[in-house]
Structures are given as structure tokens and as C-alpha cells.
Amino acid sequence: MASAAKKCTACGHESTDPEWCDQCGSDLGGPDVALLLSAGLRVSMPLRAPFGSLRSSDMLRSGQLPRYETGPLAKVDTKVLTPVSVRGRERERERDREHENTGRFSTLDPVEFAALDDPIEVEELDQDVVVVTLSEVVRRFDGTEDWLAHSDRGETFIVAASRAPGPPLDSLPEHLATIVDWPLSECEVDGVYLRLHRAKSGETLEQRVRDYDERVPVAEFLLWFETIANALEQVHRAGFVLLSLSPQTISFERVGGVRFLNIRNPVPVGATISAHRETVPGIPGFLAPEVLLDDGSLTASSAADIFSLAAVAWFVLARRTPPVSALTSYLPAMRARDLAPDAPLHIEPMLWTALTPDVELRPGSPAELMAGLRAALEPALRRDRTAPHAPDLAIAVETHIGISKREYYPLNQDAAFVAISQDRLTTLICVADGVSTSEYGRGEEASAFVAGRARALWEQLPQVAERRDDIAWAAWIDSIIQRANSDLINVVNQRHGPFDHDPNGVMGSTCVIAVIHRGVAYMASVGDSHAYIVNGDYIERVNREHNIATLAVAEGYSPDDAFGSVHAAALGRCVGTFDFGPGGALIPARVETDSYRFRMLLGDRLVICSDGVTDYIAHTPDAAMHVIRSVICSENIPALACLEFIMLANRNGGGDNITAAVCYVGNIDGGQVLSAQVVGS
């Protein structure tokens with residue numbers, strides 16, 4: 001029996017071929033149907049829409065209606081596709097994979113649309129319509145899908161599909177139409193709400209950041225966020241919040257200004273957020289924690305967008321999504337500088353005033369946040385622009401065994417070396433902290449190798465200083481650490497080798513080494529000793545700890561896995577690094593360090609200390625920073641500041657060796673300028 005004729009949803013012809021239209025050649029299989037997006041008519045009917053340049057009347061008159069294709073295996077007419085760069089497509093796929101890993105992937109069922117019941121007569125369409133063809137899913141959020149679509153004229157759109165209805169198209173104030181990516185039109189098919197958006201005409205913030213091989217210059221950072229904050233301020237003044245702000249939803253348009261993309265439903269200020277949850281797509285890390293933890297009673301406020309804007313700034317500094325989880329209460333698990341050592345100083349302390357879980361403590365508006373960032377960026381810009389100079393420097397270093405530590409280990413396992421050259425152009429500071437528990441060697445020996453190498457290579461200073469370039473100074477500091485590591489491993493081989501197995505418990509040491517030459521600081525760090533910059537009310541930790549948790553998150557592990565480990569706080573890097581070689585010998589391996597470079601400003605105080613200071617002068621890292629700033633601001637003589645750190649740590653127990661080195665830049669009331677000094681083991 002002959003197969004029944006099948007109506008072609010593309011041209012309306014009754015085809016005798018059940019698979020391919022014998023009139024226009026369109027595929028008749030599957031659920032794909034034609035659908036015209038506009039406004040005003042019932043579901044499954046052509047909808048009227050004046051879309052300006054999107055003229056499809058000619059195509060309609062010819063009877064060639066492109067199909068609205070759906071599903072993961074949708075076939076695309078490549079003739080109407082607008083070229084998409086391979087790089088851009090790969091970025092979209094990476095973001096899809098990232099969202100999938102967060103467990104917040106879409107649960108939206110495949111969408112099937114009913115066919116139009118009657119052929120479309122051109123006379124019925126007294127206005128232009130747009131006909132689009134879907135090509136692929138480019139983004140998925142909770143209960144929503146974004147499809148890349150192309151019109152019959154080759155123009156690109158985003159079709160957003162959701163189970164929840166959006167607000168009326170006329171509910172957004174007209175003056176926000178150029179700022180917020182509001183739907184051009186929408187319709188509903190079988191309980192699925194479709195909204196047609198123009199595709200971005202510019203470059204997203206994420207794309208801009210990815211285009212930089214190194215950190216974004218401070219001046220660019222300021223320019224970008226001034227533009228973003230101004231646009232967000234207009235949205236808030238109109239009585240709306242976005243909630244889903246992220247680097248992917250911020251587009252710098254070719255015609256100038258910023259447009260917020262894929263904003264399904266700007267939420268009125270004061271509305272209950274839970275009622276809008278399905279239409280608020282977002283990425284953990286950028287969504288405010290109160291939005292993710294909402295119990296159904298949270299009202300929308302600008303505070304959520306302030307958090308998101310600060311998280312976006314964090315992304316620009318670190319060049320990755322803030323790592324968050326339920327374990328961190330959806331707050332960033334670490335500082336941006338912990339993941340990007342080259343991030344500029346000064347910015348992040350300001351950002352954390354907005355990244356607090358307490359909404360009352362956040363800046364009250366985008367303008368207020370930007371005012372704080374501008375104030376922080378001013379010294380950051382000066383650091384970038386200050387010419388090399390010869391500042392007036394004074395340094396001091398002090399160490400103590402620790403009143404409790406000496407009761408069970410009689411030797412100081414910290415060591416330090418400080419020096420200023422005769423021409424006062426160059427300063428060297430080295431602080432090393434030996435690992436307490438070791439089977440092969442002792443902690444005080446390991447730290448002595450580092451301080452000893454620093455002292456020995458100080459003799460090579462004239463040759464290095466003559467070159468006066470960044471590479472020479474970075475290489476010189478690195479050579480101190482690598483040679484100390486070789487010295488240490490060679491001694492272990494001589495005393496304890498050969499080994500019949502890969503040994504644990506080889507002695508090791510942390511270290512922070514800084515050189516200040518003509519006002520420019522070069523620093524290398526390995527382990528968990530800290531370095532801080534203090535200047536007036538400002539304090540910031542320069543380096544990061546190399547514990548297992550920090551290194552794991554930096555490698556891409558989730559905060560849950562990293563911080564949930566029983567070894568989270570264990571040291572992950574130190575001097576004392578080796579490979580197990582043939583014949584049972586240990587082979588010195590390269591010590592992985594973090595390197596930093598920044599210009600010193602008048603009034604700067606550089607503090608480098610072992611963890612015996614930071615662990616005992618206060619109960620938390622944030623409190624320790626407050627105490628350090630207080631001591632530095634109250635003591636204008638470096639040696640007295642060092643002694644005060646030792647006294648405070650001992651008053652709080654002194655359970656570890658205590659070492660502090662301090663360098664003051666300018667504004668010095670006396671204090672001895674040291675030529676060279678070694679303290680400790």
C-alpha cells in the first residue's frame with residue numbers, strides 16, 4: 001500500500017515522499033517544524049512582528065519557509081549560517097562543560113513544537129516577520145536552554161527556551177532597552193516559553209580577558225568597570241536588579257557602551273527571589289550566596305548585583321571563575337592573587353568588602369563600589385607608572401625560638417638574612433622556616449641552607465646589579481632557592497643514601513626571598529611563610545600559602561574536594577624537593593616557586609615573617625593582618641616592630657619559632673640601616 005502523503009512544514013506542499021519533500025527537498029522526519037517568532041497571535045500560528053531590517057517577505061512570497069529546528073540532532077542549512085569563529089565556539093563549549101561540572105545543568109526536556117495547521121498566506125502578514133533556524137545549544141542553566149539561531153537573511157539570534165514565563169515585553173522601561181538584552185518577542189509552545197534575543201554585537205568581558213596573555217593592565221581594568229558600573233547603576237535606578245551578572249553576560253558593544261546579555265527576567269527590587277528562580281540563570285561563583293541559599297523569603301536588592309560585580313572583578317584579576325561550593329557558603333574559596341600571582345596589588349582588599357556574606361556591609365550601589373575601586377586603583381596605577389628610583393630604606397630582622405616551642409625542641413628552625421648594598425640601591429631579605437618533622441636531616445639545617453646560599457650569592461651582587469633587568473633579578477633569586485635545594489639533597493644522599501625506597505621525611509624549608517633594587521621589588525616564595533605590604537590603612541598579603549588545598553584548587557579541583565581533605569593544610573611545596581633516581585640516589589628536582597614584581601611607594605612597609613608570627617599574634621589570618629598593620633603603623637623603627645611581633649606571638653603561646661623581617665621605605669625616624677645580618681640557625 002502506498003504511503004500516505006505528508007505535509008511539508010517548510011513549504012506547505014503535500015509530499016508523496018514521507019522522508020523528503022518532493023517539492024522543496026526539506027527533511028520531513030522528526031519533530032522539526034516551522035515556527036515564526038513575533039508577537040500577538042496564538043500558539044503555533046505565525047506571529048506579527050516589525051523587526052526592521054529583518055525582512056523575510058521575499059522568502060515568504062516564494063513559498064520557501066525555513067524550518068525552526070529543534071533537538072540535539074537538528075540539521076542546519078549552512079547557506080544561512082553566519083560564520084562563528086572556532087575560538088568563540090570552543091569557548092562556548094568550555095563554558096558548557098564548566099556548567100555541567102557544577103551540577104547546575106539544564107533539566108529542560110527536549111522541546112517539540114506543533115506544526116502550523118494551515119498554509120501561510122502572504123496577504124495575512126501585513127508586517128515583516130523573522131524566520132529563524134536553530135543550529136546548536138550554546139548555553140544551559142537551571143531549567144533553561146539558549147539556542148544559537150540564524151535568520152533567513154543570515155543574521156544571528158539567541159532563542160531562549162524556558163519552562164517559566166517571562167515578564168511582559170513592555171514591562172522594562174524604554175530607556176533600558178539599549179542596556180539590558182530584552183527579548184525582541186516571545187511565544188509559548190506546549191508549556192515551553194521561547195524568547196528571541198539579538199545575538200551580541202560586541203565582545204563579552206570573558207572574551208576580552210581571555211585575549212590577554214598576562215594580567216589586564218590596571219588602567220584597562222578601571223575603564224572597563226567604570227563602564228559596567230555606570231550601566232548597572234541605571235538598571236538599579238530604574239528599580240530592577242539583574243542577579244545573573246557574569247563575564248559571559250557583559251558585552252562591550254561595537255557601537256560603544258555595555259549591554260547585559262541573556263537576562264531572562266530583570267527582577268523588580270523588593271520582589272521575592274524564589275518566585276523568579278527559574279528565570280534567573282546564573283553561574284555559582286558570580287551569584288550572590290544569599291540567592292543560592294534562599295529559603296523562599298529573600299527579597300531582591302541591589303546588594304546581590306554588588307556581590308556579582310565584585311565577583312566579576314575577581315574573575316578579571318584571576319582569569320577564572322571564583323571557586324565556590326556549599327563548603328565555602330558560595331563565597332570565593334581564596335583570593336584572586338592565590339591563583340594569579342601577577343594580579344595587581346590594592347584592588348582585592350576593596351573587592352572583599354563587596355564579597356562579604358553580610359549584605360549590610362557591602363557597598364550600597366555600583367557607584368559606591370566604583371568609588372572604592374578608584375581609590376584602591378590610584379596607588380595601583382602609581383605602582384605601574386613609578387619610575388625606578390633610589391628610596392631611603394631601613395631594614396631589620398629578629399628571631400626567637402618561641403617560649404613554648406623550646407620546651408620540646410631546643411633549636412630555632414628559622415633562619416634569615418638581610419642586607420643593604422653600600423650604594424643603598426639594593427636590599428636583600430630572606431626568611432626561611434625549617435620543617436619540624438623530618439627523618440632525614442633537621443629543619444634548622446634546611447633553613448640554614450637557604451639563608452647560607454642567600455649570604456653566599458650576595459657576593460655576586462655587583463655583576464647582577466649591572467644588568468638591571470627583571471630577568472636577571474628573577475633568575476638570581478631563583479638560583480638561591482635552587483642551589484639551596486641541591487645543597488640539601490646532596491647532604492641527605494651523603495648521610496643517608498643510598499635508599500631502597502622513595503623516602504618520606506626528607507628535611508625541608510619554606511622561604512620568602514625579596515630583592516628591592518632602585519625601588520622595584522622582586523620576590524620568590526615557596527611554602528607557608530608570609531609577605532605583606534602595609535601603607536597607612538592599607539595592608540595586603542603579597543604571596544600565597546603552598547598548602548595542599550590551595551594548590552589543589554589552583555589545579556582545578558573543587559573546593560569541596562580540596563578543603564575536605566584531611567591533608568588540606570599540609571605543606572605542598574618547599575625547599576627539599578627531589579626525584580627518586582637509579583641506584584637509590586635522590587636527584588634534586590626543580591623547586592616550584594611563585595614570583596612577584598612590584599614597585600615600592602613612599603611609605604611602604606614590607607613585612608616578611610614565618611608562620612610562627614601569623615599563627616600566634618591572632619586567632620585568624622584576617623585578625624593577624626589587622627595586628628600586623630597596627631604594629632607597623634605604631635612603630636616607625638623597623639627593629640622595634642620586629643621585637644613587637646616576637647613579644648605578641650610569645651604572649652599568645654609562642655608555640656613555634658618566630659621570625660620577622662621588616663623593610664621601611666621613606667618616612668623613617670632613625671633606626672639602624674644594616675649592612676648585612678644573619679639571624680637564626
# chains A, B, ... in the order shown; residues from 1 in each chain; ligands from 1
call {"tool": "residues_around", "arguments": {"residues": "Pro349 of chain A", "least_positions_apart": "3", "cutoff": "12 Å", "atoms": "only C-alpha atoms", "output": "PDB file with N, CA and C atoms, in the first residue's frame"}}
result
ATOM      1  N   ALA A 310      31.527  42.497  42.029  1.00  0.00           N
ATOM      2  CA  ALA A 310      32.831  42.257  42.664  1.00  0.00           C
ATOM      3  C   ALA A 310      33.398  40.906  42.243  1.00  0.00           C
ATOM      4  N   ALA A 313      34.912  41.266  38.906  1.00  0.00           N
ATOM      5  CA  ALA A 313      36.238  41.883  39.027  1.00  0.00           C
ATOM      6  C   ALA A 313      37.260  40.852  39.499  1.00  0.00           C
ATOM      7  N   TRP A 314      36.866  39.993  40.427  1.00  0.00           N
ATOM      8  CA  TRP A 314      37.736  38.900  40.890  1.00  0.00           C
ATOM      9  C   TRP A 314      38.138  38.028  39.696  1.00  0.00           C
ATOM     10  N   ARG A 335      41.776  34.020  47.565  1.00  0.00           N
ATOM     11  CA  ARG A 335      41.972  35.310  46.904  1.00  0.00           C
ATOM     12  C   ARG A 335      42.314  35.109  45.428  1.00  0.00           C
ATOM     13  N   ALA A 336      42.051  36.130  44.643  1.00  0.00           N
ATOM     14  CA  ALA A 336      42.439  36.082  43.228  1.00  0.00           C
ATOM     15  C   ALA A 336      43.955  35.965  43.097  1.00  0.00           C
ATOM     16  N   ARG A 337      44.700  36.632  43.973  1.00  0.00           N
ATOM     17  CA  ARG A 337      46.158  36.574  43.913  1.00  0.00           C
ATOM     18  C   ARG A 337      46.689  35.175  44.215  1.00  0.00           C
ATOM     19  N   PRO A 344      47.451  42.742  40.207  1.00  0.00           N
ATOM     20  CA  PRO A 344      47.957  43.967  40.836  1.00  0.00           C
ATOM     21  C   PRO A 344      47.558  44.066  42.303  1.00  0.00           C
ATOM     22  N   LEU A 345      48.407  44.717  43.070  1.00  0.00           N
ATOM     23  CA  LEU A 345      48.106  44.980  44.471  1.00  0.00           C
ATOM     24  C   LEU A 345      47.018  46.044  44.587  1.00  0.00           C
ATOM     25  N   HIS A 346      46.445  46.147  45.798  1.00  0.00           N
ATOM     26  CA  HIS A 346      45.493  47.186  46.207  1.00  0.00           C
ATOM     27  C   HIS A 346      44.042  46.886  45.849  1.00  0.00           C
ATOM     28  N   TRP A 352      36.834  42.561  48.612  1.00  0.00           N
ATOM     29  CA  TRP A 352      36.304  41.708  49.672  1.00  0.00           C
ATOM     30  C   TRP A 352      35.298  42.429  50.562  1.00  0.00           C
ATOM     31  N   THR A 353      35.247  43.759  50.484  1.00  0.00           N
ATOM     32  CA  THR A 353      34.165  44.451  51.187  1.00  0.00           C
ATOM     33  C   THR A 353      32.824  44.182  50.519  1.00  0.00           C
ATOM     34  N   ALA A 354      32.842  43.847  49.226  1.00  0.00           N
ATOM     35  CA  ALA A 354      31.616  43.519  48.492  1.00  0.00           C
ATOM     36  C   ALA A 354      31.359  42.026  48.450  1.00  0.00           C
ATOM     37  N   LEU A 355      32.393  41.213  48.669  1.00  0.00           N
ATOM     38  CA  LEU A 355      32.242  39.759  48.618  1.00  0.00           C
ATOM     39  C   LEU A 355      31.908  39.166  49.986  1.00  0.00           C
ATOM     40  N   THR A 356      31.556  40.008  50.918  1.00  0.00           N
ATOM     41  CA  THR A 356      31.159  39.535  52.238  1.00  0.00           C
ATOM     42  C   THR A 356      29.749  38.941  52.187  1.00  0.00           C
ATOM     43  N   GLY A 372      35.166  53.119  45.684  1.00  0.00           N
ATOM     44  CA  GLY A 372      36.175  52.390  46.446  1.00  0.00           C
ATOM     45  C   GLY A 372      37.253  51.809  45.561  1.00  0.00           C
ATOM     46  N   LEU A 373      36.846  51.290  44.405  1.00  0.00           N
ATOM     47  CA  LEU A 373      37.834  50.728  43.486  1.00  0.00           C
ATOM     48  C   LEU A 373      38.744  51.817  42.916  1.00  0.00           C
ATOM     49  N   ALA A 375      39.628  54.551  44.400  1.00  0.00           N
ATOM     50  CA  ALA A 375      40.570  54.905  45.461  1.00  0.00           C
ATOM     51  C   ALA A 375      41.668  53.855  45.593  1.00  0.00           C
ATOM     52  N   ALA A 376      41.299  52.568  45.418  1.00  0.00           N
ATOM     53  CA  ALA A 376      42.296  51.498  45.506  1.00  0.00           C
ATOM     54  C   ALA A 376      43.186  51.462  44.272  1.00  0.00           C
ATOM     55  N   LEU A 377      42.619  51.803  43.133  1.00  0.00           N
ATOM     56  CA  LEU A 377      43.376  51.723  41.887  1.00  0.00           C
ATOM     57  C   LEU A 377      44.381  52.865  41.732  1.00  0.00           C
ATOM     58  N   ILE A 533      52.437  43.862  52.362  1.00  0.00           N
ATOM     59  CA  ILE A 533      52.704  45.271  52.097  1.00  0.00           C
ATOM     60  C   ILE A 533      51.737  46.081  52.962  1.00  0.00           C
ATOM     61  N   ASP A 537      46.464  52.817  56.057  1.00  0.00           N
ATOM     62  CA  ASP A 537      45.380  51.889  56.407  1.00  0.00           C
ATOM     63  C   ASP A 537      45.366  50.641  55.529  1.00  0.00           C
ATOM     64  N   TYR A 538      46.181  50.652  54.484  1.00  0.00           N
ATOM     65  CA  TYR A 538      46.169  49.541  53.532  1.00  0.00           C
ATOM     66  C   TYR A 538      47.131  48.441  53.964  1.00  0.00           C
ATOM     67  N   ILE A 539      46.679  47.199  53.912  1.00  0.00           N
ATOM     68  CA  ILE A 539      47.537  46.036  54.096  1.00  0.00           C
ATOM     69  C   ILE A 539      47.051  44.927  53.173  1.00  0.00           C
ATOM     70  N   GLU A 540      47.982  44.218  52.577  1.00  0.00           N
ATOM     71  CA  GLU A 540      47.635  43.101  51.696  1.00  0.00           C
ATOM     72  C   GLU A 540      48.744  42.066  51.740  1.00  0.00           C
ATOM     73  N   ARG A 541      48.345  40.813  51.774  1.00  0.00           N
ATOM     74  CA  ARG A 541      49.341  39.736  51.689  1.00  0.00           C
ATOM     75  C   ARG A 541      49.784  39.605  50.245  1.00  0.00           C
ATOM     76  N   VAL A 542      51.075  39.600  50.025  1.00  0.00           N
ATOM     77  CA  VAL A 542      51.607  39.551  48.670  1.00  0.00           C
ATOM     78  C   VAL A 542      51.558  38.146  48.113  1.00  0.00           C
ATOM     79  N   ASP A 622      42.817  36.943  59.026  1.00  0.00           N
ATOM     80  CA  ASP A 622      42.361  38.328  58.893  1.00  0.00           C
ATOM     81  C   ASP A 622      42.726  39.143  60.127  1.00  0.00           C
ATOM     82  N   MET A 625      46.409  40.007  60.081  1.00  0.00           N
ATOM     83  CA  MET A 625      46.705  41.147  59.216  1.00  0.00           C
ATOM     84  C   MET A 625      46.400  42.460  59.925  1.00  0.00           C
TER      85      MET A 625
END
call {"tool": "closest_residue", "arguments": {"among": "A:Val241, A:Leu606, A:Leu287, A:Ile306", "to": "Glu360 of chain A", "atoms": "only C-alpha atoms"}}
result
A:Ile306
call {"tool": "select_by_dssp", "arguments": {"residues": "segment 371-449 of chain A", "states": "strand (DSSP E)", "output": "MDAnalysis selection string"}}
result
chainID A and resid 393:400 414:420 426:434
call {"tool": "atom_distance", "arguments": {"atom1": "atom CA of Ala475 of chain A", "atom2": "atom CA of Phe417 of chain A"}}
result
18.6 Å
call {"tool": "atom_distance", "arguments": {"atom1": "atom CA of Asn535 of chain A", "atom2": "atom CA of Arg605 of chain A"}}
result
6.3 Å
call {"tool": "residues_around", "arguments": {"residues": "Val291 of chain A", "least_positions_apart": "5", "cutoff": "8 Å", "atoms": "only C-alpha atoms", "output": "PDB file with all heavy atoms, in the first residue's frame"}}
result
ATOM      1  N   ILE A 273      12.696  36.596  45.535  1.00  0.00           N
ATOM      2  CA  ILE A 273      13.605  35.986  44.559  1.00  0.00           C
ATOM      3  C   ILE A 273      13.173  34.578  44.199  1.00  0.00           C
ATOM      4  O   ILE A 273      13.261  34.161  43.045  1.00  0.00           O
ATOM      5  CB  ILE A 273      15.044  35.996  45.102  1.00  0.00           C
ATOM      6  CG1 ILE A 273      15.596  37.420  45.060  1.00  0.00           C
ATOM      7  CG2 ILE A 273      15.945  35.066  44.300  1.00  0.00           C
ATOM      8  CD1 ILE A 273      17.022  37.557  45.537  1.00  0.00           C
ATOM      9  N   LEU A 298      13.685  35.612  50.604  1.00  0.00           N
ATOM     10  CA  LEU A 298      14.623  36.672  50.256  1.00  0.00           C
ATOM     11  C   LEU A 298      14.016  37.610  49.221  1.00  0.00           C
ATOM     12  O   LEU A 298      13.450  37.170  48.225  1.00  0.00           O
ATOM     13  CB  LEU A 298      15.916  36.067  49.697  1.00  0.00           C
ATOM     14  CG  LEU A 298      17.023  37.057  49.340  1.00  0.00           C
ATOM     15  CD1 LEU A 298      17.568  37.728  50.590  1.00  0.00           C
ATOM     16  CD2 LEU A 298      18.149  36.344  48.591  1.00  0.00           C
ATOM     17  N   ALA A 304      22.769  42.017  45.859  1.00  0.00           N
ATOM     18  CA  ALA A 304      23.130  40.804  45.122  1.00  0.00           C
ATOM     19  C   ALA A 304      23.954  41.144  43.888  1.00  0.00           C
ATOM     20  O   ALA A 304      24.931  40.460  43.560  1.00  0.00           O
ATOM     21  CB  ALA A 304      21.877  40.024  44.736  1.00  0.00           C
TER      22      ALA A 304
END
call {"tool": "closest_atom_pairs", "arguments": {"of": "segment 376-459 of chain A", "to": "segment 592-599 of chain A", "cutoff": "8 Å", "atoms": "only C-alpha atoms", "output": "CSV"}}
result
residue,atom,partner,partner_atom,distance
A:Arg383,CA,A:Arg599,CA,5.1
A:Asp384,CA,A:Arg599,CA,7.1
A:Thr386,CA,A:Arg599,CA,6.9
A:Pro388,CA,A:Arg599,CA,7.9
call {"tool": "write_last_selection", "arguments": {"atoms": "all heavy atoms", "output": "PDB file, in the first residue's frame"}}
result
ATOM      1  N   ARG A 383      51.945  52.384  41.195  1.00  0.00           N
ATOM      2  CA  ARG A 383      52.940  51.299  41.190  1.00  0.00           C
ATOM      3  C   ARG A 383      53.317  50.922  39.758  1.00  0.00           C
ATOM      4  O   ARG A 383      54.466  50.594  39.476  1.00  0.00           O
ATOM      5  CB  ARG A 383      52.398  50.076  41.928  1.00  0.00           C
ATOM      6  CG  ARG A 383      52.318  50.236  43.421  1.00  0.00           C
ATOM      7  CD  ARG A 383      52.106  48.914  44.139  1.00  0.00           C
ATOM      8  NE  ARG A 383      51.790  49.139  45.536  1.00  0.00           N
ATOM      9  CZ  ARG A 383      52.683  49.364  46.493  1.00  0.00           C
ATOM     10  NH1 ARG A 383      53.961  49.373  46.180  1.00  0.00           N
ATOM     11  NH2 ARG A 383      52.314  49.563  47.738  1.00  0.00           N
ATOM     12  N   ASP A 384      52.334  50.965  38.872  1.00  0.00           N
ATOM     13  CA  ASP A 384      52.627  50.622  37.478  1.00  0.00           C
ATOM     14  C   ASP A 384      53.459  51.699  36.786  1.00  0.00           C
ATOM     15  O   ASP A 384      54.231  51.403  35.866  1.00  0.00           O
ATOM     16  CB  ASP A 384      51.314  50.438  36.699  1.00  0.00           C
ATOM     17  CG  ASP A 384      50.788  49.011  36.798  1.00  0.00           C
ATOM     18  OD1 ASP A 384      51.428  48.185  37.474  1.00  0.00           O
ATOM     19  OD2 ASP A 384      49.728  48.733  36.216  1.00  0.00           O
ATOM     20  N   THR A 386      55.383  54.325  38.405  1.00  0.00           N
ATOM     21  CA  THR A 386      56.522  54.920  39.103  1.00  0.00           C
ATOM     22  C   THR A 386      57.827  54.503  38.437  1.00  0.00           C
ATOM     23  O   THR A 386      58.071  53.314  38.215  1.00  0.00           O
ATOM     24  CB  THR A 386      56.538  54.489  40.584  1.00  0.00           C
ATOM     25  OG1 THR A 386      55.349  54.956  41.213  1.00  0.00           O
ATOM     26  CG2 THR A 386      57.746  55.067  41.303  1.00  0.00           C
ATOM     27  N   PRO A 388      61.863  53.776  38.160  1.00  0.00           N
ATOM     28  CA  PRO A 388      62.866  53.285  39.108  1.00  0.00           C
ATOM     29  C   PRO A 388      63.550  54.443  39.821  1.00  0.00           C
ATOM     30  O   PRO A 388      63.861  55.473  39.218  1.00  0.00           O
ATOM     31  CB  PRO A 388      63.840  52.514  38.208  1.00  0.00           C
ATOM     32  CG  PRO A 388      63.018  52.104  37.034  1.00  0.00           C
ATOM     33  CD  PRO A 388      62.058  53.237  36.813  1.00  0.00           C
TER      34      PRO A 388
END
call {"tool": "select_by_dssp", "arguments": {"residues": "segment 251-430 of chain A", "states": "alpha helix (DSSP H)", "output": "PyMOL selection string"}}
result
chain A and resi 289-292+302-318+336-339+347-354+366-385
call {"tool": "atom_distance", "arguments": {"atom1": "atom CA of Leu205 of chain A", "atom2": "atom CA of Phe252 of chain A"}}
result
7.0 Å
call {"tool": "residues_around", "arguments": {"residues": "Gly508 of chain A", "least_positions_apart": "2", "cutoff": "7 Å", "atoms": "only C-alpha atoms", "output": "ChimeraX atom specification"}}
result
/A:434-435,443,446,506,574-576
call {"tool": "write_last_selection", "arguments": {"atoms": "N, CA and C atoms", "output": "tab-separated table (two decimals), in the first residue's frame"}}
result
chain	number	residue	atom	x	y	z
A	434	GLY	N	62.39	26.08	58.69
A	434	GLY	CA	62.61	24.65	58.51
A	434	GLY	C	61.41	23.83	58.93
A	435	VAL	N	61.16	22.75	58.19
A	435	VAL	CA	60.07	21.83	58.51
A	435	VAL	C	60.43	21.05	59.76
A	443	GLY	N	65.17	20.40	60.50
A	443	GLY	CA	64.62	21.63	59.97
A	443	GLY	C	65.57	22.80	60.04
A	446	ALA	N	67.92	22.66	57.13
A	446	ALA	CA	67.30	23.02	55.86
A	446	ALA	C	67.19	24.54	55.71
A	506	VAL	N	62.19	13.67	54.25
A	506	VAL	CA	63.42	14.40	53.96
A	506	VAL	C	63.27	15.83	54.46
A	574	CYS	N	58.12	22.98	49.07
A	574	CYS	CA	59.16	23.52	49.94
A	574	CYS	C	60.52	23.26	49.32
A	575	VAL	N	61.54	23.90	49.87
A	575	VAL	CA	62.92	23.54	49.54
A	575	VAL	C	63.18	22.18	50.17
A	576	GLY	N	63.72	21.26	49.39
A	576	GLY	CA	63.84	19.86	49.82
A	576	GLY	C	63.06	18.98	48.87
call {"tool": "closest_residue", "arguments": {"among": "A:Val520, A:Ser630, A:Arg590, A:Ala419", "to": "Ile481 of chain A", "atoms": "only C-alpha atoms"}}
result
A:Arg590
call {"tool": "closest_residue", "arguments": {"among": "A:Trp182, A:Phe240, A:Phe225, A:Phe157", "to": "Ala271 of chain A", "atoms": "only C-alpha atoms"}}
result
A:Phe240
call {"tool": "closest_residue", "arguments": {"among": "A:Val255, A:Ala288, A:Val235, A:Ala343", "to": "Gly202 of chain A", "atoms": "only C-alpha atoms"}}
result
A:Val255
call {"tool": "closest_residue", "arguments": {"among": "A:Asp611, A:Asp487, A:Glu378, A:Asp392", "to": "Ala531 of chain A", "atoms": "only C-alpha atoms"}}
result
A:Asp611
